[in-house]
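Peer 1: Following this line is upload10.pdb, made up of PDB, C-alpha atoms, pLDDT in the B column:
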ATOM      1  CA  MET A   1       0.000   0.000   0.000  1.00 96.00           C
ATOM      2  CA  LYS A   2       1.001   3.605  -0.467  1.00 97.00           C
ATOM      3  CA  LEU A   3       1.146   5.979   2.493  1.00 98.00           C
ATOM      4  CA  LEU A   4       1.151   9.766   2.141  1.00 98.00           C
ATOM      5  CA  TYR A   5       1.832  12.390   4.820  1.00 98.00           C
ATOM      6  CA  PHE A   6       1.066  16.101   4.475  1.00 98.00           C
ATOM      7  CA  ALA A   7       1.867  19.414   6.207  1.00 97.00           C
ATOM      8  CA  TRP A   8       3.437  19.068   9.691  1.00 96.00           C
ATOM      9  CA  LEU A   9       3.000  15.297   9.625  1.00 97.00           C
ATOM     10  CA  LYS A  10       5.441  15.143   6.753  1.00 96.00           C
ATOM     11  CA  THR A  11       7.907  17.294   8.710  1.00 94.00           C
ATOM     12  CA  LYS A  12       7.649  15.254  11.923  1.00 96.00           C
ATOM     13  CA  ILE A  13       7.762  11.876  10.189  1.00 97.00           C
ATOM     14  CA  GLY A  14      10.528  13.004   7.888  1.00 96.00           C
ATOM     15  CA  LYS A  15       9.077  11.856   4.583  1.00 96.00           C
ATOM     16  CA  ALA A  16       6.146  12.624   2.299  1.00 97.00           C
ATOM     17  CA  GLU A  17       5.359   9.089   1.197  1.00 97.00           C
ATOM     18  CA  GLU A  18       6.322   5.452   1.450  1.00 97.00           C
ATOM     19  CA  THR A  19       5.209   2.080   0.170  1.00 97.00           C
ATOM     20  CA  LEU A  20       4.685  -0.890   2.443  1.00 95.00           C
ATOM     21  CA  ASP A  21       2.665  -4.080   2.758  1.00 95.00           C
ATOM     22  CA  LEU A  22      -0.486  -3.841   4.838  1.00 93.00           C
ATOM     23  CA  PRO A  23       0.772  -5.164   8.186  1.00 93.00           C
ATOM     24  CA  ALA A  24      -0.759  -8.411   9.447  1.00 92.00           C
ATOM     25  CA  GLY A  25      -3.605  -7.811  11.863  1.00 93.00           C
ATOM     26  CA  VAL A  26      -4.173  -4.212  10.735  1.00 96.00           C
ATOM     27  CA  ALA A  27      -7.755  -3.999   9.476  1.00 96.00           C
ATOM     28  CA  THR A  28      -8.734  -0.321   9.722  1.00 97.00           C
ATOM     29  CA  ALA A  29      -7.317   3.171   9.213  1.00 97.00           C
ATOM     30  CA  GLY A  30      -7.267   3.667  12.968  1.00 97.00           C
ATOM     31  CA  ALA A  31      -5.382   0.424  13.526  1.00 97.00           C
ATOM     32  CA  LEU A  32      -2.866   1.473  10.876  1.00 97.00           C
ATOM     33  CA  VAL A  33      -2.147   4.719  12.756  1.00 97.00           C
ATOM     34  CA  ASP A  34      -1.674   2.759  16.001  1.00 96.00           C
ATOM     35  CA  TRP A  35       0.743   0.440  14.215  1.00 97.00           C
ATOM     36  CA  LEU A  36       2.644   3.344  12.588  1.00 97.00           C
ATOM     37  CA  LYS A  37       3.142   4.958  16.021  1.00 96.00           C
ATOM     38  CA  THR A  38       5.348   2.025  17.028  1.00 96.00           C
ATOM     39  CA  ARG A  39       7.814   2.665  14.190  1.00 95.00           C
ATOM     40  CA  GLY A  40       9.854   5.388  15.904  1.00 94.00           C
ATOM     41  CA  PRO A  41       9.831   8.667  17.817  1.00 95.00           C
ATOM     42  CA  GLY A  42       8.941  10.774  14.752  1.00 95.00           C
ATOM     43  CA  PHE A  43       5.898   8.634  14.028  1.00 97.00           C
ATOM     44  CA  ALA A  44       4.909   8.500  17.708  1.00 97.00           C
ATOM     45  CA  GLU A  45       5.083  12.297  18.019  1.00 96.00           C
ATOM     46  CA  ALA A  46       3.256  13.023  14.763  1.00 96.00           C
ATOM     47  CA  LEU A  47       0.482  10.503  15.348  1.00 97.00           C
ATOM     48  CA  LYS A  48       0.033  10.774  19.112  1.00 95.00           C
ATOM     49  CA  ASP A  49      -3.355  12.521  19.034  1.00 94.00           C
ATOM     50  CA  ARG A  50      -5.805  11.182  16.480  1.00 92.00           C
ATOM     51  CA  ARG A  51      -8.114  14.177  17.071  1.00 91.00           C
ATOM     52  CA  THR A  52      -5.546  16.369  15.284  1.00 92.00           C
ATOM     53  CA  LEU A  53      -5.494  14.058  12.263  1.00 96.00           C
ATOM     54  CA  ARG A  54      -7.654  13.263   9.272  1.00 97.00           C
ATOM     55  CA  VAL A  55      -7.417  10.280   6.931  1.00 97.00           C
ATOM     56  CA  ALA A  56      -8.295   9.638   3.311  1.00 98.00           C
ATOM     57  CA  VAL A  57      -8.289   6.265   1.567  1.00 98.00           C
ATOM     58  CA  ASN A  58      -7.934   6.253  -2.202  1.00 97.00           C
ATOM     59  CA  ARG A  59      -8.395  10.048  -2.122  1.00 97.00           C
ATOM     60  CA  ARG A  60     -11.717   9.973  -0.280  1.00 96.00           C
ATOM     61  CA  PRO A  61     -12.104  11.231   3.292  1.00 96.00           C
ATOM     62  CA  VAL A  62     -13.003   8.347   5.626  1.00 97.00           C
ATOM     63  CA  GLY A  63     -13.422   7.618   9.331  1.00 97.00           C
ATOM     64  CA  TRP A  64     -10.951   5.730  11.531  1.00 97.00           C
ATOM     65  CA  ASP A  65     -13.026   2.547  11.351  1.00 97.00           C
ATOM     66  CA  PHE A  66     -12.702   2.399   7.545  1.00 98.00           C
ATOM     67  CA  ALA A  67     -11.583  -1.078   6.422  1.00 98.00           C
ATOM     68  CA  LEU A  68      -8.268  -1.196   4.542  1.00 97.00           C
ATOM     69  CA  LYS A  69      -7.243  -3.588   1.830  1.00 95.00           C
ATOM     70  CA  PRO A  70      -3.884  -4.295   0.177  1.00 94.00           C
ATOM     71  CA  GLY A  71      -2.998  -1.712  -2.466  1.00 95.00           C
ATOM     72  CA  ASP A  72      -4.938   1.145  -0.881  1.00 97.00           C
ATOM     73  CA  GLU A  73      -3.551   4.681  -0.977  1.00 98.00           C
ATOM     74  CA  VAL A  74      -3.799   6.004   2.576  1.00 98.00           C
ATOM     75  CA  ALA A  75      -3.171   9.698   3.276  1.00 98.00           C
ATOM     76  CA  ILE A  76      -2.864  11.088   6.806  1.00 98.00           C
ATOM     77  CA  PHE A  77      -2.963  14.853   7.343  1.00 97.00           C
ATOM     78  CA  PRO A  78      -3.995  17.662   9.689  1.00 97.00           C
ATOM     79  CA  PRO A  79      -7.345  19.450   9.251  1.00 96.00           C
ATOM     80  CA  VAL A  80      -7.230  21.406   6.002  1.00 96.00           C
ATOM     81  CA  THR A  81      -6.535  25.156   5.833  1.00 94.00           C
ATOM     82  CA  GLY A  82      -7.074  26.208   2.221  1.00 91.00           C
ATOM     83  CA  GLY A  83      -9.168  28.983   0.741  1.00 90.00           C
TER      84      GLY A  83
ATOM     85  CA  MET B   1     -15.396  24.016 -13.675  1.00 97.00           C
ATOM     86  CA  ILE B   2     -12.457  23.697 -11.290  1.00 98.00           C
ATOM     87  CA  ARG B   3      -8.716  24.230 -11.675  1.00 98.00           C
ATOM     88  CA  VAL B   4      -5.724  23.818  -9.370  1.00 98.00           C
ATOM     89  CA  GLN B   5      -2.600  25.630 -10.495  1.00 98.00           C
ATOM     90  CA  ARG B   6       0.633  27.249  -9.394  1.00 98.00           C
ATOM     91  CA  GLU B   7       0.341  30.343 -11.615  1.00 98.00           C
ATOM     92  CA  ASP B   8      -1.787  33.438 -11.010  1.00 98.00           C
ATOM     93  CA  PHE B   9      -5.120  33.969 -12.746  1.00 98.00           C
ATOM     94  CA  ASP B  10      -6.653  36.987 -14.503  1.00 98.00           C
ATOM     95  CA  ILE B  11     -10.001  37.678 -12.834  1.00 98.00           C
ATOM     96  CA  GLY B  12     -11.491  39.562 -15.770  1.00 98.00           C
ATOM     97  CA  ARG B  13     -10.452  36.947 -18.272  1.00 98.00           C
ATOM     98  CA  GLU B  14     -11.762  34.079 -16.113  1.00 98.00           C
ATOM     99  CA  ILE B  15     -15.187  35.692 -15.666  1.00 98.00           C
ATOM    100  CA  GLU B  16     -15.380  36.613 -19.336  1.00 98.00           C
ATOM    101  CA  SER B  17     -14.588  33.111 -20.572  1.00 98.00           C
ATOM    102  CA  LEU B  18     -16.959  31.533 -18.019  1.00 98.00           C
ATOM    103  CA  THR B  19     -19.956  33.704 -18.876  1.00 98.00           C
ATOM    104  CA  ARG B  20     -19.460  34.626 -22.528  1.00 97.00           C
ATOM    105  CA  GLY B  21     -22.560  33.915 -24.635  1.00 97.00           C
ATOM    106  CA  LYS B  22     -24.630  32.668 -21.688  1.00 97.00           C
ATOM    107  CA  THR B  23     -27.455  35.162 -21.944  1.00 97.00           C
ATOM    108  CA  SER B  24     -29.556  33.410 -19.285  1.00 97.00           C
ATOM    109  CA  ILE B  25     -27.167  34.857 -16.686  1.00 98.00           C
ATOM    110  CA  GLY B  26     -28.494  37.883 -14.796  1.00 98.00           C
ATOM    111  CA  GLY B  27     -25.868  38.172 -12.069  1.00 98.00           C
ATOM    112  CA  VAL B  28     -22.267  37.140 -11.448  1.00 98.00           C
ATOM    113  CA  VAL B  29     -20.702  36.928  -7.977  1.00 98.00           C
ATOM    114  CA  SER B  30     -16.958  36.542  -7.449  1.00 98.00           C
ATOM    115  CA  PHE B  31     -14.853  35.886  -4.362  1.00 98.00           C
ATOM    116  CA  ILE B  32     -11.096  36.409  -4.435  1.00 98.00           C
ATOM    117  CA  GLY B  33      -9.059  35.158  -1.487  1.00 97.00           C
ATOM    118  CA  THR B  34      -5.650  36.828  -1.031  1.00 96.00           C
ATOM    119  CA  VAL B  35      -2.606  36.370   1.215  1.00 95.00           C
ATOM    120  CA  ARG B  36      -2.927  38.610   4.258  1.00 90.00           C
ATOM    121  CA  GLY B  37       0.507  39.924   5.198  1.00 85.00           C
ATOM    122  CA  GLY B  38       2.060  42.146   7.825  1.00 74.00           C
ATOM    123  CA  GLY B  39       0.122  42.573  11.061  1.00 72.00           C
ATOM    124  CA  ALA B  40       1.462  41.414  14.402  1.00 74.00           C
ATOM    125  CA  ASP B  41       2.667  38.165  12.847  1.00 72.00           C
ATOM    126  CA  GLY B  42       4.758  39.796  10.127  1.00 84.00           C
ATOM    127  CA  ILE B  43       3.961  37.166   7.531  1.00 90.00           C
ATOM    128  CA  ARG B  44       6.530  37.317   4.747  1.00 93.00           C
ATOM    129  CA  SER B  45       5.113  34.622   2.527  1.00 95.00           C
ATOM    130  CA  MET B  46       2.790  31.666   2.520  1.00 95.00           C
ATOM    131  CA  THR B  47       3.271  28.285   0.889  1.00 97.00           C
ATOM    132  CA  LEU B  48       0.226  26.232  -0.011  1.00 98.00           C
ATOM    133  CA  GLU B  49       0.644  22.486  -0.159  1.00 98.00           C
ATOM    134  CA  HIS B  50      -2.078  20.215  -1.508  1.00 98.00           C
ATOM    135  CA  TYR B  51      -2.901  16.595  -2.258  1.00 98.00           C
ATOM    136  CA  PRO B  52      -2.896  16.328  -6.064  1.00 97.00           C
ATOM    137  CA  GLY B  53      -5.749  14.170  -7.266  1.00 96.00           C
ATOM    138  CA  MET B  54      -7.806  14.401  -4.105  1.00 98.00           C
ATOM    139  CA  THR B  55      -7.919  18.205  -4.331  1.00 98.00           C
ATOM    140  CA  GLU B  56      -9.477  18.136  -7.782  1.00 98.00           C
ATOM    141  CA  GLN B  57     -11.891  15.412  -6.700  1.00 97.00           C
ATOM    142  CA  GLU B  58     -13.051  17.334  -3.614  1.00 97.00           C
ATOM    143  CA  LEU B  59     -13.423  20.637  -5.478  1.00 98.00           C
ATOM    144  CA  THR B  60     -15.449  18.899  -8.185  1.00 98.00           C
ATOM    145  CA  ALA B  61     -17.712  17.342  -5.530  1.00 97.00           C
ATOM    146  CA  ILE B  62     -18.199  20.681  -3.756  1.00 98.00           C
ATOM    147  CA  GLU B  63     -19.052  22.407  -7.022  1.00 98.00           C
ATOM    148  CA  ALA B  64     -21.539  19.642  -7.913  1.00 98.00           C
ATOM    149  CA  GLU B  65     -23.181  20.044  -4.507  1.00 98.00           C
ATOM    150  CA  ALA B  66     -23.572  23.803  -5.067  1.00 98.00           C
ATOM    151  CA  ASN B  67     -25.207  23.091  -8.417  1.00 98.00           C
ATOM    152  CA  ARG B  68     -27.628  20.663  -6.751  1.00 98.00           C
ATOM    153  CA  ARG B  69     -28.631  23.207  -4.125  1.00 98.00           C
ATOM    154  CA  TRP B  70     -28.908  26.334  -6.262  1.00 98.00           C
ATOM    155  CA  LYS B  71     -29.823  27.133  -9.828  1.00 98.00           C
ATOM    156  CA  LEU B  72     -26.522  28.229 -11.314  1.00 98.00           C
ATOM    157  CA  GLU B  73     -25.885  29.064 -14.943  1.00 98.00           C
ATOM    158  CA  ALA B  74     -22.103  28.802 -14.496  1.00 98.00           C
ATOM    159  CA  SER B  75     -19.527  28.253 -11.758  1.00 98.00           C
ATOM    160  CA  LEU B  76     -15.752  28.259 -11.425  1.00 98.00           C
ATOM    161  CA  ILE B  77     -13.214  27.503  -8.708  1.00 98.00           C
ATOM    162  CA  VAL B  78      -9.527  28.275  -9.314  1.00 98.00           C
ATOM    163  CA  HIS B  79      -7.187  27.500  -6.399  1.00 98.00           C
ATOM    164  CA  ARG B  80      -3.454  28.126  -6.402  1.00 98.00           C
ATOM    165  CA  PHE B  81      -0.667  26.248  -4.640  1.00 98.00           C
ATOM    166  CA  GLY B  82       3.021  26.960  -4.070  1.00 98.00           C
ATOM    167  CA  LYS B  83       4.735  29.996  -2.558  1.00 98.00           C
ATOM    168  CA  LEU B  84       2.702  33.223  -2.471  1.00 97.00           C
ATOM    169  CA  LEU B  85       3.522  36.706  -1.197  1.00 96.00           C
ATOM    170  CA  PRO B  86       1.232  39.048   0.775  1.00 95.00           C
ATOM    171  CA  GLY B  87      -1.364  40.545  -1.547  1.00 95.00           C
ATOM    172  CA  GLU B  88      -1.193  37.687  -4.025  1.00 97.00           C
ATOM    173  CA  ARG B  89      -4.363  35.896  -5.032  1.00 98.00           C
ATOM    174  CA  ILE B  90      -4.971  32.412  -3.606  1.00 98.00           C
ATOM    175  CA  VAL B  91      -8.430  31.430  -4.773  1.00 98.00           C
ATOM    176  CA  LEU B  92     -11.152  32.571  -7.153  1.00 98.00           C
ATOM    177  CA  VAL B  93     -14.760  31.440  -6.821  1.00 98.00           C
ATOM    178  CA  VAL B  94     -17.251  32.647  -9.438  1.00 98.00           C
ATOM    179  CA  THR B  95     -20.952  31.845  -9.482  1.00 98.00           C
ATOM    180  CA  ALA B  96     -23.476  33.065 -12.040  1.00 98.00           C
ATOM    181  CA  SER B  97     -27.248  32.721 -12.003  1.00 98.00           C
ATOM    182  CA  SER B  98     -30.385  34.184 -13.576  1.00 98.00           C
ATOM    183  CA  HIS B  99     -31.209  36.001 -10.336  1.00 96.00           C
ATOM    184  CA  ARG B 100     -28.626  37.200  -7.846  1.00 97.00           C
ATOM    185  CA  ALA B 101     -29.804  35.304  -4.744  1.00 98.00           C
ATOM    186  CA  ASP B 102     -28.618  31.921  -6.032  1.00 98.00           C
ATOM    187  CA  ALA B 103     -25.225  33.266  -7.097  1.00 98.00           C
ATOM    188  CA  PHE B 104     -24.623  34.972  -3.712  1.00 98.00           C
ATOM    189  CA  ALA B 105     -25.678  31.969  -1.622  1.00 98.00           C
ATOM    190  CA  ALA B 106     -23.811  29.419  -3.746  1.00 98.00           C
ATOM    191  CA  ASN B 107     -20.640  31.506  -3.678  1.00 98.00           C
ATOM    192  CA  GLU B 108     -20.600  31.732   0.107  1.00 98.00           C
ATOM    193  CA  PHE B 109     -21.322  28.011   0.351  1.00 98.00           C
ATOM    194  CA  LEU B 110     -18.456  27.150  -2.005  1.00 98.00           C
ATOM    195  CA  VAL B 111     -15.942  29.256  -0.076  1.00 97.00           C
ATOM    196  CA  ASP B 112     -17.073  27.864   3.303  1.00 96.00           C
ATOM    197  CA  TRP B 113     -16.940  24.277   2.115  1.00 95.00           C
ATOM    198  CA  LEU B 114     -13.686  24.431   0.226  1.00 96.00           C
ATOM    199  CA  LYS B 115     -11.981  25.882   3.311  1.00 95.00           C
ATOM    200  CA  THR B 116     -12.950  22.821   5.350  1.00 94.00           C
ATOM    201  CA  LYS B 117     -12.952  20.049   2.701  1.00 95.00           C
ATOM    202  CA  ALA B 118     -10.347  20.697   0.010  1.00 97.00           C
ATOM    203  CA  PRO B 119      -6.970  19.210   1.006  1.00 97.00           C
ATOM    204  CA  PHE B 120      -4.816  22.344   1.131  1.00 98.00           C
ATOM    205  CA  TRP B 121      -2.448  23.329   3.959  1.00 97.00           C
ATOM    206  CA  LYS B 122      -0.887  26.742   4.529  1.00 96.00           C
ATOM    207  CA  LEU B 123       2.664  27.198   5.768  1.00 96.00           C
ATOM    208  CA  GLU B 124       3.407  30.756   6.928  1.00 94.00           C
ATOM    209  CA  GLU B 125       6.907  32.166   6.854  1.00 94.00           C
ATOM    210  CA  THR B 126       7.418  34.805   9.574  1.00 91.00           C
ATOM    211  CA  PRO B 127      10.530  36.513  11.025  1.00 89.00           C
ATOM    212  CA  GLN B 128      10.308  33.933  13.851  1.00 89.00           C
ATOM    213  CA  GLY B 129      10.349  31.024  11.421  1.00 92.00           C
ATOM    214  CA  GLU B 130       7.890  28.788   9.622  1.00 94.00           C
ATOM    215  CA  ARG B 131       4.609  27.552  11.058  1.00 93.00           C
ATOM    216  CA  TRP B 132       1.701  25.534   9.734  1.00 95.00           C
ATOM    217  CA  VAL B 133      -1.602  27.384   9.928  1.00 92.00           C
ATOM    218  CA  GLU B 134      -4.075  25.650  12.239  1.00 91.00           C
ATOM    219  CA  ALA B 135      -7.639  25.009  11.185  1.00 88.00           C
ATOM    220  CA  GLN B 136     -10.039  27.624  12.565  1.00 87.00           C
ATOM    221  CA  SER B 137     -13.138  26.577  14.482  1.00 85.00           C
ATOM    222  CA  THR B 138     -14.853  29.628  12.964  1.00 88.00           C
ATOM    223  CA  ASP B 139     -14.317  28.039   9.537  1.00 89.00           C
ATOM    224  CA  ASP B 140     -15.879  24.800  10.795  1.00 88.00           C
ATOM    225  CA  GLN B 141     -18.851  26.707  12.151  1.00 90.00           C
ATOM    226  CA  ALA B 142     -19.233  28.600   8.879  1.00 89.00           C
ATOM    227  CA  ALA B 143     -19.224  25.297   6.961  1.00 90.00           C
ATOM    228  CA  LYS B 144     -21.736  23.697   9.343  1.00 90.00           C
ATOM    229  CA  ARG B 145     -24.318  26.361   8.525  1.00 91.00           C
ATOM    230  CA  TRP B 146     -24.763  24.554   5.216  1.00 90.00           C
ATOM    231  CA  VAL B 147     -25.227  21.048   6.569  1.00 89.00           C
ATOM    232  CA  LYS B 148     -28.753  19.898   5.902  1.00 82.00           C
ATOM    233  CA  SER B 149     -30.436  18.475   8.971  1.00 65.00           C
TER     234      SER B 149
END
Turn the structure described in the file into structure tokens.
Peer 2:
Amino acid sequence: MKLLYFAWLKTKIGKAEETLDLPAGVATAGALVDWLKTRGPGFAEALKDRRTLRVAVNRRPVGWDFALKPGDEVAIFPPVTGG
Amino acid sequence: MIRVQREDFDIGREIESLTRGKTSIGGVVSFIGTVRGGGADGIRSMTLEHYPGMTEQELTAIEAEANRRWKLEASLIVHRFGKLLPGERIVLVVTASSHRADAFAANEFLVDWLKTKAPFWKLEETPQGERWVEAQSTDDQAAKRWVKS
């Protein structure tokens, strides 16, 4: 699957995107964030408070209970500030 | 119609090409969002990041929703990304209708919704350094006015 990080998430995690296999036992967007948090201090800091984050799967905004499947494009970002 | 681009846009030319020949139009409303500089924060520039692909999809959905809710003869959203200086244009929203009420309401709706739904993020450069703009609860409240109960 493809993972994308935007705005300060990108800065804290240290990269804009990466490709990885959907980890075993990770079924939802929320579970993916919990799993990512265990990958290092940058991830833990960036992802510590889910209320400050939003998630999109295959470019559509979804909730944390959204079911993931292999090959999905998952984007994690802060609330948007355009306009 | 929606467009996401790095370069500036010409307001007159955009409105002209959107409305030319459409004689059913009786009123055109435009909103132009610009980079607010100076002030206590001393903003020197602003960089807009976005999520290519999803941005276009969200703007298209927002525009379609406006067209479902109001009777529009034409509509346009142009949103820029990249580094912008104070005074530069960020976004253009144009709505045109037979009677002005639809164009005014739809325009305000489009601006409120794109601020809370389109995946753009603003990075401000100030004398103290860079900082990501935080989402405003006032923007959320403005967008919620349009949620149908």
Peer 1: Run the PyMOL selection byres ((chain B) within 7 of (chain A)) on the file and write out the hits as number ranges by chain.
Peer 2: B: 33, 54, 90-91, 111, 114-122, 132-135
Peer 1: Starting from the displayed file, determine the output of the PyMOL selection byres ((chain A and resi 64) around 7) and express the residue list as a PyMOL selection string.
Peer 2: chain A and resi 28-30+62-63+65-66
Peer 1: Might you pull out every residue within 8 Å of B:Leu18, with all atoms listed in the file counted and same-chain residues fewer than 5 positions away left off, and present them as a list in words?
Peer 2: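 Residues meeting the cut-off are Ala74, Ser75 and Leu76 of chain B.
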Peer 1: Apply the PyMOL selection byres ((chain B and resi 81) around 8) to the structure shown and report the selected residues as a list in words.
Peer 2: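 Checking the PyMOL selection byres ((chain B and resi 81) around 8) against this file, the residues are Val4, Gln5, Arg6, Thr47, Leu48, Glu49, His50, His79, Arg80, Gly82, Lys83 and Ile90 of chain B.
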Peer 1: Could those selected residues go to a file with C-alpha atoms, as a PDB file, in the coordinates of the input?
Peer 2:
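And here's result-v1.pdb as it stands now:
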ATOM      1  CA  VAL B   4      -5.724  23.818  -9.370  1.00 98.00           C
ATOM      2  CA  GLN B   5      -2.600  25.630 -10.495  1.00 98.00           C
ATOM      3  CA  ARG B   6       0.633  27.249  -9.394  1.00 98.00           C
ATOM      4  CA  THR B  47       3.271  28.285   0.889  1.00 97.00           C
ATOM      5  CA  LEU B  48       0.226  26.232  -0.011  1.00 98.00           C
ATOM      6  CA  GLU B  49       0.644  22.486  -0.159  1.00 98.00           C
ATOM      7  CA  HIS B  50      -2.078  20.215  -1.508  1.00 98.00           C
ATOM      8  CA  HIS B  79      -7.187  27.500  -6.399  1.00 98.00           C
ATOM      9  CA  ARG B  80      -3.454  28.126  -6.402  1.00 98.00           C
ATOM     10  CA  GLY B  82       3.021  26.960  -4.070  1.00 98.00           C
ATOM     11  CA  LYS B  83       4.735  29.996  -2.558  1.00 98.00           C
ATOM     12  CA  ILE B  90      -4.971  32.412  -3.606  1.00 98.00           C
TER      13      ILE B  90
END
Peer 1: When you look at A:Val26 with a cut-off of 9 Å (counting all atoms listed in the file), what residues show up, excluding the ones that are within fewer than 5 positions of it in the same chain? I need them as a ChimeraX atom specification.
Peer 2: /A:31-32,35,68
Peer 1: Which neighbours of A:Gly40 fall inside 12 Å, counting only C-alpha atoms, when residues of the same chain fewer than 5 positions from it are skipped, and could you give them as a ChimeraX atom specification?
Peer 2: /A:12-14,34-35,45-48
Peer 1: Would you save the residues from that selection as an mmCIF file, in the frame of the given file, using C-alpha atoms?
Peer 2:
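Final output, again32.cif:
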data_model
loop_
_atom_site.group_PDB
_atom_site.id
_atom_site.type_symbol
_atom_site.label_atom_id
_atom_site.label_comp_id
_atom_site.auth_asym_id
_atom_site.auth_seq_id
_atom_site.Cartn_x
_atom_site.Cartn_y
_atom_site.Cartn_z
ATOM 1 C CA LYS A 12 7.649 15.254 11.923
ATOM 2 C CA ILE A 13 7.762 11.876 10.189
ATOM 3 C CA GLY A 14 10.528 13.004 7.888
ATOM 4 C CA ASP A 34 -1.674 2.759 16.001
ATOM 5 C CA TRP A 35 0.743 0.440 14.215
ATOM 6 C CA GLU A 45 5.083 12.297 18.019
ATOM 7 C CA ALA A 46 3.256 13.023 14.763
ATOM 8 C CA LEU A 47 0.482 10.503 15.348
ATOM 9 C CA LYS A 48 0.033 10.774 19.112
#
Peer 1: Between B:Ala106, B:Ile43, B:Ala96, B:Ala61, which is the closest to B:Thr23 once you count all atoms listed in the file?
Peer 2: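 Looking at the shortest contact to B:Thr23, the residue is B:Ala96.
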Peer 1: Point out the residue among B:Trp70, B:Glu130, B:Arg3, B:Glu14 with the least atom-to-atom distance to B:Pro52, counting all atoms listed in the file.
Peer 2: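 Of B:Trp70, B:Glu130, B:Arg3, B:Glu14, the one nearest B:Pro52 is B:Arg3, counting all atoms listed in the file.
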Peer 1: Closest to B:Ala64 among B:Ile25, B:Ala103, B:Ile2, B:Val147, using only C-alpha atoms?
Peer 2: B:Ile2
Peer 1: How big is the axis-aligned box around the listed atoms of stretch 66-83 of chain A once 5 Å is added on each side, and where is its centre? Give both in Å to one decimal, as JSON.
Peer 2:
{"center_x": -7.8, "center_y": 12.3, "center_z": 3.6, "size_x": 19.8, "size_y": 43.3, "size_z": 22.2}
Peer 1: Interatomic distance between atom CA of B:Val28 and atom CA of B:Arg89?
Peer 2: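 Rounded to one decimal, the two atoms are 19.1 Å apart.
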Peer 1: With only C-alpha atoms as the atoms that count, which of B:Gly87, B:Ala142, B:Arg100, B:Val94 lies nearest to B:Arg44?
Peer 2: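 Using only C-alpha atoms, the shortest distance to B:Arg44 belongs to B:Gly87.
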Peer 1: Applying 8 Å and only C-alpha atoms, which residues near B:Ala143 remain after dropping the ones on its own chain fewer than 5 positions away? List them as a list in words.
Peer 2: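 Neighbouring residues, sequence-local ones excluded: Phe109, Asp112, Trp113 and Thr116 of chain B.
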Peer 1: Can you tell me how far atom CA of A:Gly25 sits from atom CA of A:Lys10, in Å to one decimal?
Peer 2: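 Taking atom CA of A:Gly25 and atom CA of A:Lys10, their separation equals 25.2 Å.
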Peer 1: One decimal, Å: what's the distance from atom CA of A:Lys2 over to atom CA of A:Gly42, could you say?
Peer 2: 18.6 Å
Peer 1: Can you tell me, as a PDB file with C-alpha atoms, in the frame of the given file, which residues sit within 6 Å of (-3.4, 3.4, -0.7) in the file's frame, using only C-alpha atoms?
Peer 2:
ATOM      1  CA  MET A   1       0.000   0.000   0.000  1.00 96.00           C
ATOM      2  CA  LYS A   2       1.001   3.605  -0.467  1.00 97.00           C
ATOM      3  CA  ASN A  58      -7.934   6.253  -2.202  1.00 97.00           C
ATOM      4  CA  GLY A  71      -2.998  -1.712  -2.466  1.00 95.00           C
ATOM      5  CA  ASP A  72      -4.938   1.145  -0.881  1.00 97.00           C
ATOM      6  CA  GLU A  73      -3.551   4.681  -0.977  1.00 98.00           C
ATOM      7  CA  VAL A  74      -3.799   6.004   2.576  1.00 98.00           C
TER       8      VAL A  74
END
